[in-house]
Structure formats: structure tokens, C-alpha cells
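start.txt (compact mmCIF, C-alpha atoms (C1' of nucleotides)) appears below.
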# COMPACT_ATOMS: atom_id res chain seq x y z
CA MET A 1 -44.42 -26.31 -8.76
CA TYR A 2 -42.06 -23.76 -10.23
CA LYS A 3 -39.36 -24.07 -12.79
CA ILE A 4 -36.06 -22.45 -11.98
CA GLY A 5 -36.86 -19.18 -13.72
CA GLU A 6 -39.98 -18.73 -11.63
CA LEU A 7 -38.08 -19.43 -8.42
CA SER A 8 -35.48 -16.97 -9.58
CA ARG A 9 -38.17 -14.31 -9.94
CA GLN A 10 -39.64 -15.13 -6.53
CA THR A 11 -36.32 -14.88 -4.73
CA GLY A 12 -34.33 -12.41 -6.77
CA LEU A 13 -31.52 -14.94 -7.08
CA SER A 14 -30.23 -15.81 -10.53
CA ASN A 15 -30.73 -19.21 -12.09
CA ASP A 16 -27.00 -19.70 -11.87
CA THR A 17 -27.02 -18.92 -8.18
CA LEU A 18 -29.84 -21.37 -7.55
CA ARG A 19 -27.94 -24.11 -9.35
CA TYR A 20 -24.84 -23.12 -7.42
CA TYR A 21 -26.71 -23.44 -4.13
CA GLU A 22 -27.81 -26.86 -5.24
CA LYS A 23 -24.23 -27.85 -5.95
CA MET A 24 -23.32 -26.57 -2.47
CA ALA A 25 -26.06 -28.82 -1.08
CA LEU A 26 -28.18 -25.98 0.28
CA ILE A 27 -31.27 -26.77 -1.76
CA THR A 28 -32.66 -29.55 -3.92
CA PRO A 29 -35.56 -29.35 -6.35
CA ALA A 30 -38.59 -31.35 -5.22
CA THR A 31 -38.46 -33.26 -8.47
CA ARG A 32 -37.60 -33.05 -12.15
CA THR A 33 -39.69 -33.14 -15.32
CA GLU A 34 -39.13 -35.90 -17.87
CA ALA A 35 -36.95 -33.49 -19.79
CA GLY A 36 -34.79 -32.94 -16.74
CA TYR A 37 -36.13 -29.52 -15.77
CA ARG A 38 -35.90 -28.76 -12.06
CA LEU A 39 -39.25 -28.38 -10.31
CA TYR A 40 -39.47 -26.65 -6.96
CA ASP A 41 -42.27 -26.48 -4.41
CA GLU A 42 -43.16 -24.16 -1.55
CA SER A 43 -40.66 -25.73 0.77
CA SER A 44 -37.85 -24.80 -1.58
CA LEU A 45 -39.11 -21.26 -1.54
CA SER A 46 -39.25 -21.06 2.25
CA ARG A 47 -35.85 -22.66 2.49
CA LEU A 48 -34.46 -20.02 0.18
CA LYS A 49 -36.07 -17.23 2.17
CA PHE A 50 -34.37 -18.71 5.23
CA ILE A 51 -31.05 -18.81 3.39
CA GLN A 52 -31.39 -15.22 2.27
CA GLN A 53 -32.22 -14.10 5.77
CA ALA A 54 -29.23 -15.96 7.19
CA LYS A 55 -27.00 -14.39 4.55
CA TYR A 56 -28.36 -10.99 5.46
CA VAL A 57 -27.22 -11.45 9.04
CA GLY A 58 -23.75 -12.42 7.95
CA PHE A 59 -23.67 -16.20 7.71
CA SER A 60 -21.51 -17.87 5.09
CA LEU A 61 -22.97 -20.65 2.98
CA GLU A 62 -21.14 -23.15 5.18
CA GLY A 63 -22.68 -21.65 8.29
CA ILE A 64 -26.06 -21.64 6.63
CA LYS A 65 -25.70 -25.32 5.88
CA GLU A 66 -25.36 -25.96 9.60
CA LEU A 67 -28.35 -23.79 10.37
CA LEU A 68 -30.38 -25.59 7.73
CA SER A 69 -29.59 -28.99 9.16
CA MET A 70 -30.83 -27.83 12.56
CA ARG A 71 -33.88 -26.27 11.01
CA LEU A 72 -34.67 -29.52 9.25
CA ASP A 73 -34.46 -31.60 12.37
CA LYS A 74 -35.35 -29.24 15.17
CA SER A 75 -36.36 -31.93 17.62
CA HIS A 76 -32.87 -33.37 17.67
CA HIS A 77 -31.17 -30.05 18.24
CA SER A 78 -31.25 -27.72 21.20
CA CYS A 79 -31.65 -23.99 21.41
CA GLY A 80 -28.16 -23.98 22.87
CA GLU A 81 -26.69 -25.44 19.72
CA VAL A 82 -28.38 -22.89 17.53
CA LYS A 83 -27.46 -20.05 19.81
CA GLN A 84 -23.83 -21.17 19.76
CA LEU A 85 -23.76 -20.50 16.04
CA THR A 86 -25.08 -16.99 16.38
CA GLU A 87 -22.78 -16.29 19.29
CA ASP A 88 -19.75 -17.47 17.34
CA LYS A 89 -20.84 -15.27 14.48
CA LEU A 90 -21.22 -12.33 16.83
CA VAL A 91 -17.67 -12.78 18.07
CA GLU A 92 -16.44 -12.96 14.49
CA ILE A 93 -18.29 -9.77 13.61
CA ASP A 94 -16.96 -8.02 16.68
CA ASN A 95 -13.43 -8.93 15.73
CA LYS A 96 -13.90 -7.59 12.25
CA ILE A 97 -15.36 -4.37 13.60
CA GLU A 98 -12.48 -3.95 15.98
CA GLU A 99 -9.95 -4.45 13.22
CA LEU A 100 -11.71 -1.88 11.08
CA LEU A 101 -11.83 0.58 13.95
CA ARG A 102 -8.09 0.15 14.43
CA ILE A 103 -7.54 0.87 10.77
CA LYS A 104 -9.91 3.80 10.84
CA GLN A 105 -8.17 5.29 13.84
CA ALA A 106 -4.74 5.03 12.23
CA LEU A 107 -5.99 6.49 8.97
CA GLN A 108 -7.84 9.27 10.71
CA VAL A 109 -4.76 10.42 12.58
CA MET A 110 -2.74 10.53 9.37
CA ASN A 111 -5.51 12.21 7.49
CA ASP A 112 -6.12 14.88 10.12
CA ALA A 113 -2.46 15.82 10.20
CA CYS A 114 -2.35 16.54 6.47
CA CYS A 115 -3.18 19.96 5.10
CA GLY A 116 -4.61 18.42 1.95
CA GLY A 117 -3.85 21.52 -0.04
CA ALA A 118 -2.53 22.08 -3.54
CA VAL A 119 0.94 22.32 -2.06
CA SER A 120 3.55 19.83 -3.26
CA ALA A 121 3.57 16.48 -1.49
CA GLU A 122 7.24 17.00 -0.70
CA HIS A 123 6.55 17.24 3.01
CA CYS A 124 3.19 15.47 3.04
CA SER A 125 2.61 14.13 6.51
CA ILE A 126 0.67 11.16 5.19
CA LEU A 127 3.58 9.95 3.11
CA GLN A 128 5.89 10.58 6.04
CA ALA A 129 3.71 8.63 8.40
CA LEU A 130 3.66 5.69 5.98
CA GLU A 131 7.40 5.99 5.71
CA THR A 132 8.07 5.72 9.39
CA GLY A 133 5.06 4.03 10.84
CA GLU A 134 4.91 6.98 13.21
CA PRO A 135 2.09 9.50 13.02
CA VAL A 136 3.40 12.96 12.26
CA LYS A 137 2.31 15.71 14.59
CA ARG A 138 1.75 18.54 12.22
CA GLU A 139 2.96 19.61 8.82
CA GLY A 140 5.86 22.01 8.84
CA HIS A 141 4.38 24.47 6.39
CA LEU A 142 1.18 25.00 8.34
CA MET B 1 22.85 -5.67 -1.20
CA TYR B 2 20.61 -8.44 -0.01
CA LYS B 3 19.43 -11.53 -1.77
CA ILE B 4 15.75 -12.27 -1.57
CA GLY B 5 16.03 -14.48 1.50
CA GLU B 6 17.72 -11.74 3.45
CA LEU B 7 15.05 -9.23 2.45
CA SER B 8 12.48 -11.77 3.45
CA ARG B 9 14.02 -11.98 6.91
CA GLN B 10 14.19 -8.21 7.20
CA THR B 11 10.55 -7.69 6.30
CA GLY B 12 8.85 -10.85 7.45
CA LEU B 13 7.43 -11.33 3.96
CA SER B 14 8.00 -14.64 2.21
CA ASN B 15 10.20 -14.96 -0.86
CA ASP B 16 7.09 -15.80 -2.80
CA THR B 17 5.37 -12.66 -1.62
CA LEU B 18 8.35 -10.53 -2.61
CA ARG B 19 8.37 -12.03 -6.08
CA TYR B 20 4.62 -11.53 -6.22
CA TYR B 21 5.00 -7.85 -5.32
CA GLU B 22 7.54 -7.56 -8.10
CA LYS B 23 5.11 -9.08 -10.56
CA MET B 24 2.49 -6.60 -9.34
CA ALA B 25 5.00 -3.83 -10.05
CA LEU B 26 5.30 -2.69 -6.44
CA ILE B 27 9.03 -3.33 -6.13
CA THR B 28 12.02 -4.09 -8.34
CA PRO B 29 15.38 -5.43 -7.28
CA ALA B 30 18.19 -2.92 -7.69
CA THR B 31 20.01 -5.41 -9.87
CA ARG B 32 20.64 -9.10 -10.52
CA THR B 33 23.70 -11.31 -10.12
CA GLU B 34 25.15 -13.07 -13.13
CA ALA B 35 23.24 -16.14 -12.12
CA GLY B 36 20.01 -14.17 -12.14
CA TYR B 37 19.65 -13.79 -8.38
CA ARG B 38 17.74 -10.69 -7.32
CA LEU B 39 19.80 -8.14 -5.37
CA TYR B 40 18.07 -5.49 -3.31
CA ASP B 41 19.37 -2.34 -1.67
CA GLU B 42 18.23 -0.08 1.15
CA SER B 43 15.66 1.67 -1.01
CA SER B 44 13.91 -1.64 -1.64
CA LEU B 45 13.77 -2.15 2.08
CA SER B 46 12.33 1.26 2.81
CA ARG B 47 9.86 0.83 0.00
CA LEU B 48 8.72 -2.44 1.51
CA LYS B 49 8.36 -0.89 4.94
CA PHE B 50 6.19 1.74 3.31
CA ILE B 51 4.12 -0.95 1.62
CA GLN B 52 3.68 -2.83 4.87
CA GLN B 53 2.61 0.29 6.67
CA ALA B 54 0.09 1.12 3.96
CA LYS B 55 -1.26 -2.42 4.13
CA TYR B 56 -1.59 -2.09 7.87
CA VAL B 57 -3.85 0.91 7.45
CA GLY B 58 -6.08 -0.92 5.00
CA PHE B 59 -4.79 -0.15 1.54
CA SER B 60 -4.99 -2.75 -1.20
CA LEU B 61 -1.99 -3.42 -3.39
CA GLU B 62 -3.64 -1.34 -6.10
CA GLY B 63 -4.08 1.57 -3.73
CA ILE B 64 -0.53 1.15 -2.56
CA LYS B 65 0.67 1.37 -6.12
CA GLU B 66 -0.91 4.80 -6.34
CA LEU B 67 0.64 5.88 -3.08
CA LEU B 68 4.03 4.63 -4.22
CA SER B 69 3.89 6.60 -7.43
CA MET B 70 3.20 9.77 -5.44
CA ARG B 71 5.92 8.90 -2.99
CA LEU B 72 8.39 8.46 -5.81
CA ASP B 73 7.62 11.80 -7.38
CA LYS B 74 6.46 13.98 -4.54
CA SER B 75 7.21 17.27 -6.24
CA HIS B 76 4.67 16.55 -8.96
CA HIS B 77 1.89 15.62 -6.58
CA SER B 78 0.01 17.69 -4.07
CA CYS B 79 -0.95 16.97 -0.49
CA GLY B 80 -4.54 17.17 -1.72
CA GLU B 81 -4.02 14.22 -4.06
CA VAL B 82 -2.54 12.12 -1.32
CA LYS B 83 -5.17 13.10 1.17
CA GLN B 84 -7.88 12.20 -1.32
CA LEU B 85 -6.67 8.61 -1.24
CA THR B 86 -6.83 8.38 2.53
CA GLU B 87 -10.19 10.09 2.59
CA ASP B 88 -11.61 7.66 0.05
CA LYS B 89 -10.24 4.82 2.12
CA LEU B 90 -11.81 6.27 5.24
CA VAL B 91 -15.21 6.38 3.55
CA GLU B 92 -14.77 2.78 2.43
CA ILE B 93 -13.87 1.71 5.96
CA ASP B 94 -16.81 3.60 7.40
CA ASN B 95 -19.17 1.85 5.03
CA LYS B 96 -17.80 -1.54 5.98
CA ILE B 97 -18.14 -0.72 9.66
CA GLU B 98 -21.70 0.40 9.20
CA GLU B 99 -22.59 -2.79 7.36
CA LEU B 100 -21.05 -4.87 10.14
CA LEU B 101 -22.90 -2.89 12.78
CA ARG B 102 -26.16 -3.55 10.95
CA ILE B 103 -25.37 -7.25 10.91
CA LYS B 104 -24.32 -7.21 14.52
CA GLN B 105 -27.50 -5.47 15.57
CA ALA B 106 -29.69 -7.98 13.74
CA LEU B 107 -27.77 -10.91 15.16
CA GLN B 108 -27.80 -9.50 18.64
CA VAL B 109 -31.57 -9.13 18.68
CA MET B 110 -32.03 -12.71 17.56
CA ASN B 111 -29.44 -13.97 19.95
CA ASP B 112 -30.85 -12.13 22.95
CA ALA B 113 -34.32 -13.50 22.34
CA CYS B 114 -33.12 -17.11 22.47
CA CYS B 115 -32.98 -19.03 25.73
CA GLY B 116 -29.98 -21.01 24.51
CA GLY B 117 -30.85 -23.91 26.76
CA ALA B 118 -30.74 -27.65 26.30
CA VAL B 119 -34.40 -27.51 25.29
CA SER B 120 -35.32 -28.74 21.81
CA ALA B 121 -34.97 -26.22 19.02
CA GLU B 122 -38.60 -26.85 18.08
CA HIS B 123 -39.56 -23.33 19.06
CA CYS B 124 -36.14 -21.73 18.82
CA SER B 125 -36.61 -18.03 18.29
CA ILE B 126 -33.46 -17.77 16.22
CA LEU B 127 -34.70 -20.28 13.68
CA GLN B 128 -38.07 -18.57 13.70
CA ALA B 129 -36.52 -15.19 13.10
CA LEU B 130 -34.57 -16.55 10.16
CA GLU B 131 -37.77 -18.11 8.90
CA THR B 132 -39.75 -14.92 8.86
CA GLY B 133 -37.21 -12.16 8.72
CA GLU B 134 -39.01 -10.77 11.75
CA PRO B 135 -37.35 -10.72 15.13
CA VAL B 136 -39.28 -12.78 17.65
CA LYS B 137 -40.17 -11.00 20.86
CA ARG B 138 -39.65 -13.78 23.34
CA GLU B 139 -39.64 -17.53 23.32
CA GLY B 140 -42.94 -19.16 24.24
CA HIS B 141 -41.51 -21.53 26.78
CA LEU B 142 -39.83 -18.86 28.82
C1' DG C 1 -42.52 -25.59 -38.73
C1' DT C 2 -40.05 -22.31 -36.96
C1' DT C 3 -39.01 -18.55 -33.82
C1' DG C 4 -37.96 -17.31 -29.21
C1' DA C 5 -37.98 -18.10 -24.48
C1' DC C 6 -36.73 -21.37 -21.51
C1' DC C 7 -34.06 -25.24 -19.65
C1' DT C 8 -29.82 -28.65 -19.32
C1' DT C 9 -24.65 -29.72 -18.48
C1' DG C 10 -19.70 -29.18 -17.67
C1' DG C 11 -16.37 -26.29 -17.10
C1' DA C 12 -13.96 -21.81 -17.43
C1' DC C 13 -13.56 -17.33 -15.40
C1' DC C 14 -13.71 -13.55 -11.78
C1' DT C 15 -11.43 -10.97 -7.42
C1' DA C 16 -7.30 -10.47 -4.06
C1' DA C 17 -3.34 -11.70 -2.30
C1' DC C 18 -0.93 -14.88 -1.98
C1' DT C 19 1.02 -20.04 -1.70
C1' DC C 20 2.75 -24.07 -3.61
C1' DT C 21 4.86 -27.24 -7.03
C1' DA C 22 7.96 -29.05 -10.38
C1' DG C 23 12.15 -28.98 -12.35
C1' DG C 24 16.32 -27.09 -12.41
C1' DG C 25 20.61 -23.93 -11.51
C1' DT C 26 24.06 -21.74 -7.75
C1' DT C 27 26.70 -21.08 -3.70
C1' DT C 28 28.91 -22.35 0.39
C1' DA C 29 30.93 -25.10 3.86
C1' DA C 30 32.83 -29.41 5.29
C1' DT D 1 33.15 -33.26 -4.19
C1' DT D 2 29.15 -33.46 -2.40
C1' DA D 3 25.32 -32.06 0.55
C1' DA D 4 22.66 -28.33 2.34
C1' DA D 5 20.84 -24.20 1.65
C1' DC D 6 19.73 -21.04 -1.46
C1' DC D 7 17.97 -19.15 -5.88
C1' DC D 8 15.32 -19.20 -10.57
C1' DT D 9 10.93 -19.75 -13.70
C1' DA D 10 6.27 -20.79 -15.20
C1' DG D 11 2.22 -22.01 -13.94
C1' DA D 12 -1.32 -24.20 -10.99
C1' DG D 13 -3.95 -23.98 -6.70
C1' DT D 14 -6.31 -21.56 -2.79
C1' DT D 15 -10.72 -19.03 -0.73
C1' DA D 16 -15.86 -17.60 -1.29
C1' DG D 17 -19.51 -16.87 -3.85
C1' DG D 18 -20.81 -16.57 -7.60
C1' DT D 19 -21.00 -15.41 -13.10
C1' DC D 20 -20.49 -16.63 -17.81
C1' DC D 21 -20.08 -19.58 -21.79
C1' DA D 22 -20.84 -23.12 -25.33
C1' DA D 23 -23.45 -26.49 -27.14
C1' DG D 24 -27.49 -28.31 -27.06
C1' DG D 25 -32.54 -30.02 -25.66
C1' DT D 26 -37.67 -28.43 -24.79
C1' DC D 27 -41.81 -26.04 -25.12
C1' DA D 28 -45.32 -22.57 -26.42
C1' DA D 29 -47.16 -19.59 -29.73
C1' DC D 30 -48.03 -18.13 -34.29

Would you encode the structure as C-alpha cells?
Amino acid sequence: MYKIGELSRQTGLSNDTLRYYEKMALITPATRTEAGYRLYDESSLSRLKFIQQAKYVGFSLEGIKELLSMRLDKSHHSCGEVKQLTEDKLVEIDNKIEELLRIKQALQVMNDACCGGAVSAEHCSILQALETGEPVKREGHL
Amino acid sequence: MYKIGELSRQTGLSNDTLRYYEKMALITPATRTEAGYRLYDESSLSRLKFIQQAKYVGFSLEGIKELLSMRLDKSHHSCGEVKQLTEDKLVEIDNKIEELLRIKQALQVMNDACCGGAVSAEHCSILQALETGEPVKREGHL
DNA sequence: GTTGACCTTGGACCTAACTCTAGGGTTTAA
DNA sequence: TTAAACCCTAGAGTTAGGTCCAAGGTCAAC
């Protein structure tokens, strides 16, 4: 049985974060000492490893809570249910990527059109593009 | 001169958002009526269009503040300064995209390995992968 | 028997960009 | 003259995922 500091060392999560996860109902200490100290066992540790892994692949704490409930009661959940969660997450990630690519594209066009030199920004094509919403073809002084 | 509601209609931003931008020092009404009503002119409108465009290409309000100060005093800023901002933003976007691609890749591997059927999640490869941090090659029952 | 490391709680604070509320004043049209 | 539509302010609330703080209890070593 570990106290919170030991679990913190094992997982790399701070004491505060562990208590926060408890408040969010992601983990619970196996028991408490008479003095009220949290005591954790191996299952807490494996649960936390699971949580960290799920975080690493982009799940929010809410999503992780769902995953954990399926993990805890595997026999009453199907592969399909679990896979739905990862598929939803994949769609979400794809949308974010697409949005970022849109932004990147727009920025890139503006950026490429600008000379970037020490010349005054008077005719800067970036500022002009932001002004109009239209990409500028090429800077006049080039 | 428009009152705030009119500017709101012109820009699609809420009154609250306009007042918020003012508090963040992004805009200022040209003047006020005796009763204290904000009155805006064309320059406020063009400034807001600029802000909206900059937002659209991923700038934060802080970043926009920098852009605005260069826009306001173009002769004392160089193209290079402006371009630096867009280049920094591009790097930031690229990093975010890369992180999302990493996540997507990890999720995709897990997701592809799972049968996703109505079968019990007892041996679900997704749950196993989250358990171990190792992708599972193929589900046993396949 | 006291120092220092550890643990407890409740609650405040952080970021970013709003959004909403309460309580009140103004303008306009019927 | 009154009702609707508009405007004002200050300040609280929202989201996610923590982080920090104060005030205090516990435990081990020296």
C-alpha cells in the first residue's frame, strides 16, 4: 500500500492531481489510515497507468471516465461500444486537424507573399491581407 | 456613427464581445453620447474586420494586439517584424498539427485492431492497449 | 521533544475568450 | 405616457485540467 506521495512518484502525477482525479471520480484510494491518509494498492496504480495512456491518445477526463467504466465491467460491454468511443475521438481529432490545416494554409499564403525585409510595413502584404480578407498577390516593391 | 448594437449587427459580434474587446484594449469607440452610449465610426468597423480576419487565421487576442499596433503605425515597423509574427504562428500551428497526428496515429492503430462487434469487451484490444501502452496486434477471437 | 517531511481539507486562483446577470438609465414610437 | 428596445456598469460564471495556499494534523528520526 502506498501513500499519495509514493503513488505520485510512481506515476509522475502531482499529489494535487491525484486528489483532483479523485474528486473527478476517476480513482479512489483502496482505504485510509486512522489518521485519514489515503492508501493505494496496485489496482490504483494500474488504473492510473490506464488513465495516463488514455490521456496520451487524446481522451478528456470525461471520456476516460467512460472508458474506465467499461474497463471495470468488461463483460457487460461490447467491443463495439468501446470502439465507438475511439472512433468518435478520431473524428474529433480529424476535425481539429482540418481546421488547423485551413489556418495553416491561409497563414502560409500571407506569409509567402511578404518580403519580410527591413523595409517599412507601409505596404506590407500581410497587413493588407488581414485588412481585406483577400490574399495579396505580391508586394509592390519587390 | 453607430451605436454598439449596430456595430454588432455589422460584425456579427455580440455587444458583450465588443465591450470585452474594448476592455482588452483592442478597440475604442470614437466617442460617447451625453448619456454615455458608445459611438463608433468607420475606422472601428475596419479595425474589427481586421481583428476578425486575424482571428480566422489563428491569432489570439494578444497576438492581434501586436498586429494592431503595427497596423496603426506602419511606418515605424518593418515587414520583417510583421512576418515574424506570422512565422511564429505558423510554427505553433505546425506543432499542434504534429501533436494531433501523433494522437491520431496511436488511436488509429488501436481502433483498427479492434473487431468492434457485439462481442463482450472481455478481450477488447483497445482496452488492452490502454492497459499496457502497447498496441495489440490482433484480437484473439478473430 | 522537536525538527522536517509528509499528509489532510476547503477553497481560491490560473488561462482564454467570452457570456450572463442584476440593477438601472435612455430613446423611440404609438 | 408608457412600453419596447436599447444602452450602461461591475462583477460573477463558464470550460478543462489542474495548481497553489493556509491552517493544521501525523510520523519518523535524532

At most 8 Å to chain C: residues in chain B, all atoms listed in the file, as a ChimeraX atom specification
/B:16-17,20,35

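Distance-wise, atom CA of A:Glu34 and atom CA of A:Asn15 end up 19.6 Å apart.
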
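The residue that comes closest to chain D, out of A:His76, A:Arg9, A:Lys55, A:Lys96 and on the basis of all atoms listed in the file, is A:Lys55.
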
For the atom pair atom CA of B:Ser125 and atom CA of A:Tyr40, what is the interatomic distance in Å to one decimal place?
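Separating atom CA of B:Ser125 from atom CA of A:Tyr40 is a distance of 26.8 Å.
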
Near-A:Glu62 list (12 Å; all atoms listed in the file; drop same-chain fewer than 2 positions) as a short mmCIF file (atom, residue, chain, number, x, y, z; two decimals) with C-alpha atoms (C1' of nucleotides), in the coordinates of the input:
data_model
loop_
_atom_site.label_atom_id
_atom_site.label_comp_id
_atom_site.auth_asym_id
_atom_site.auth_seq_id
_atom_site.Cartn_x
_atom_site.Cartn_y
_atom_site.Cartn_z
CA TYR A 21 -26.71 -23.44 -4.13
CA MET A 24 -23.32 -26.57 -2.47
CA ALA A 25 -26.06 -28.82 -1.08
CA LEU A 26 -28.18 -25.98 0.28
CA ILE A 51 -31.05 -18.81 3.39
CA ALA A 54 -29.23 -15.96 7.19
CA LYS A 55 -27.00 -14.39 4.55
CA GLY A 58 -23.75 -12.42 7.95
CA PHE A 59 -23.67 -16.20 7.71
CA SER A 60 -21.51 -17.87 5.09
CA ILE A 64 -26.06 -21.64 6.63
CA LYS A 65 -25.70 -25.32 5.88
CA GLU A 66 -25.36 -25.96 9.60
CA LEU A 67 -28.35 -23.79 10.37
CA LEU A 68 -30.38 -25.59 7.73
CA SER A 69 -29.59 -28.99 9.16
CA LEU A 85 -23.76 -20.50 16.04
"C1'" DA D 16 -15.86 -17.60 -1.29
"C1'" DG D 17 -19.51 -16.87 -3.85
#

Rank A:Glu6, A:Asp41, A:Glu22, A:Glu81 by their smallest atom-to-atom distance to chain B, using only C-alpha atoms, and report the top residue only.
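That would be A:Glu81, the residue with the smallest distance to chain B.
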
Would you mind listing, as a list in words, all residues of chain A that have at least one atom within 6 Å of chain B, where only C-alpha atoms are what counts?
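In the required form, that comes to Phe50, Gln53, Val57, Lys74, Ser75, His77, Ser78, Cys79, Gly80, Lys83, Ile103, Gly116, Gly117, Ala118, Val119, Ser120, Ala121, Glu122, Cys124, Leu130 and Glu131 of chain A.
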
Restricting to only C-alpha atoms (C1' of nucleotides), whichever of A:Ser44, A:Met1, A:Leu61, A:Leu7 is closest to chain D is A:Leu61

With a cut-off of 10 Å and counting only C-alpha atoms (C1' of nucleotides), select all residues of chain D in contact with chain A and give the selection as an MDAnalysis selection string.
chainID D and resid 16:20 25:26

Check the smallest atom-to-atom distance from each of B:Ala30, B:Leu45, B:Leu13, B:Leu39 to D:DC7 using only C-alpha atoms (C1' of nucleotides), then report the winner.
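Ranked by minimum distance to D:DC7, first place goes to B:Leu39.
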
Enter the distance from atom CA of B:Glu42 to atom CA of A:Val109, in Å, rounded to one decimal.
27.7 Å

With N, CA, C and O atoms as the target, complete stretch 84-102 of chain B and hand it back as a PDB file, in the coordinates of the input.
ATOM      1  N   GLN B  84      -6.672  12.757  -0.690  1.00  0.00           N
ATOM      2  CA  GLN B  84      -7.880  12.200  -1.320  1.00  0.00           C
ATOM      3  C   GLN B  84      -7.902  10.681  -1.173  1.00  0.00           C
ATOM      4  O   GLN B  84      -8.939  10.077  -0.906  1.00  0.00           O
ATOM      5  N   LEU B  85      -6.742  10.069  -1.344  1.00  0.00           N
ATOM      6  CA  LEU B  85      -6.670   8.610  -1.240  1.00  0.00           C
ATOM      7  C   LEU B  85      -7.030   8.138   0.169  1.00  0.00           C
ATOM      8  O   LEU B  85      -7.780   7.173   0.325  1.00  0.00           O
ATOM      9  N   THR B  86      -6.512   8.813   1.166  1.00  0.00           N
ATOM     10  CA  THR B  86      -6.830   8.380   2.530  1.00  0.00           C
ATOM     11  C   THR B  86      -8.287   8.687   2.869  1.00  0.00           C
ATOM     12  O   THR B  86      -8.934   7.916   3.579  1.00  0.00           O
ATOM     13  N   GLU B  87      -8.784   9.771   2.316  1.00  0.00           N
ATOM     14  CA  GLU B  87     -10.190  10.090   2.590  1.00  0.00           C
ATOM     15  C   GLU B  87     -11.126   9.069   1.950  1.00  0.00           C
ATOM     16  O   GLU B  87     -12.098   8.629   2.565  1.00  0.00           O
ATOM     17  N   ASP B  88     -10.805   8.690   0.717  1.00  0.00           N
ATOM     18  CA  ASP B  88     -11.610   7.660   0.050  1.00  0.00           C
ATOM     19  C   ASP B  88     -11.575   6.369   0.858  1.00  0.00           C
ATOM     20  O   ASP B  88     -12.589   5.691   1.022  1.00  0.00           O
ATOM     21  N   LYS B  89     -10.394   6.051   1.332  1.00  0.00           N
ATOM     22  CA  LYS B  89     -10.240   4.820   2.120  1.00  0.00           C
ATOM     23  C   LYS B  89     -11.049   4.914   3.403  1.00  0.00           C
ATOM     24  O   LYS B  89     -11.700   3.953   3.821  1.00  0.00           O
ATOM     25  N   LEU B  90     -11.037   6.080   4.014  1.00  0.00           N
ATOM     26  CA  LEU B  90     -11.810   6.270   5.240  1.00  0.00           C
ATOM     27  C   LEU B  90     -13.301   6.047   4.995  1.00  0.00           C
ATOM     28  O   LEU B  90     -13.990   5.396   5.796  1.00  0.00           O
ATOM     29  N   VAL B  91     -13.791   6.567   3.881  1.00  0.00           N
ATOM     30  CA  VAL B  91     -15.210   6.380   3.550  1.00  0.00           C
ATOM     31  C   VAL B  91     -15.512   4.892   3.372  1.00  0.00           C
ATOM     32  O   VAL B  91     -16.506   4.368   3.888  1.00  0.00           O
ATOM     33  N   GLU B  92     -14.613   4.223   2.670  1.00  0.00           N
ATOM     34  CA  GLU B  92     -14.770   2.780   2.430  1.00  0.00           C
ATOM     35  C   GLU B  92     -14.827   2.019   3.758  1.00  0.00           C
ATOM     36  O   GLU B  92     -15.683   1.152   3.946  1.00  0.00           O
ATOM     37  N   ILE B  93     -13.907   2.358   4.650  1.00  0.00           N
ATOM     38  CA  ILE B  93     -13.870   1.710   5.960  1.00  0.00           C
ATOM     39  C   ILE B  93     -15.152   1.984   6.736  1.00  0.00           C
ATOM     40  O   ILE B  93     -15.747   1.086   7.338  1.00  0.00           O
ATOM     41  N   ASP B  94     -15.576   3.226   6.696  1.00  0.00           N
ATOM     42  CA  ASP B  94     -16.810   3.600   7.400  1.00  0.00           C
ATOM     43  C   ASP B  94     -18.002   2.794   6.883  1.00  0.00           C
ATOM     44  O   ASP B  94     -18.837   2.342   7.661  1.00  0.00           O
ATOM     45  N   ASN B  95     -18.056   2.618   5.589  1.00  0.00           N
ATOM     46  CA  ASN B  95     -19.170   1.850   5.030  1.00  0.00           C
ATOM     47  C   ASN B  95     -19.122   0.402   5.500  1.00  0.00           C
ATOM     48  O   ASN B  95     -20.148  -0.188   5.831  1.00  0.00           O
ATOM     49  N   LYS B  96     -17.927  -0.151   5.524  1.00  0.00           N
ATOM     50  CA  LYS B  96     -17.800  -1.540   5.980  1.00  0.00           C
ATOM     51  C   LYS B  96     -18.215  -1.649   7.442  1.00  0.00           C
ATOM     52  O   LYS B  96     -18.904  -2.597   7.832  1.00  0.00           O
ATOM     53  N   ILE B  97     -17.794  -0.691   8.243  1.00  0.00           N
ATOM     54  CA  ILE B  97     -18.140  -0.720   9.660  1.00  0.00           C
ATOM     55  C   ILE B  97     -19.649  -0.637   9.843  1.00  0.00           C
ATOM     56  O   ILE B  97     -20.239  -1.392  10.614  1.00  0.00           O
ATOM     57  N   GLU B  98     -20.255   0.235   9.068  1.00  0.00           N
ATOM     58  CA  GLU B  98     -21.700   0.400   9.200  1.00  0.00           C
ATOM     59  C   GLU B  98     -22.435  -0.890   8.841  1.00  0.00           C
ATOM     60  O   GLU B  98     -23.377  -1.290   9.535  1.00  0.00           O
ATOM     61  N   GLU B  99     -21.982  -1.525   7.778  1.00  0.00           N
ATOM     62  CA  GLU B  99     -22.590  -2.790   7.360  1.00  0.00           C
ATOM     63  C   GLU B  99     -22.438  -3.836   8.469  1.00  0.00           C
ATOM     64  O   GLU B  99     -23.382  -4.571   8.785  1.00  0.00           O
ATOM     65  N   LEU B 100     -21.279  -3.892   9.068  1.00  0.00           N
ATOM     66  CA  LEU B 100     -21.050  -4.870  10.140  1.00  0.00           C
ATOM     67  C   LEU B 100     -21.900  -4.541  11.364  1.00  0.00           C
ATOM     68  O   LEU B 100     -22.396  -5.450  12.037  1.00  0.00           O
ATOM     69  N   LEU B 101     -22.076  -3.274  11.632  1.00  0.00           N
ATOM     70  CA  LEU B 101     -22.900  -2.890  12.780  1.00  0.00           C
ATOM     71  C   LEU B 101     -24.362  -3.282  12.536  1.00  0.00           C
ATOM     72  O   LEU B 101     -25.054  -3.730  13.450  1.00  0.00           O
ATOM     73  N   ARG B 102     -24.811  -3.132  11.316  1.00  0.00           N
ATOM     74  CA  ARG B 102     -26.160  -3.550  10.950  1.00  0.00           C
ATOM     75  C   ARG B 102     -26.326  -5.044  11.205  1.00  0.00           C
ATOM     76  O   ARG B 102     -27.284  -5.505  11.846  1.00  0.00           O
TER      77      ARG B 102
END
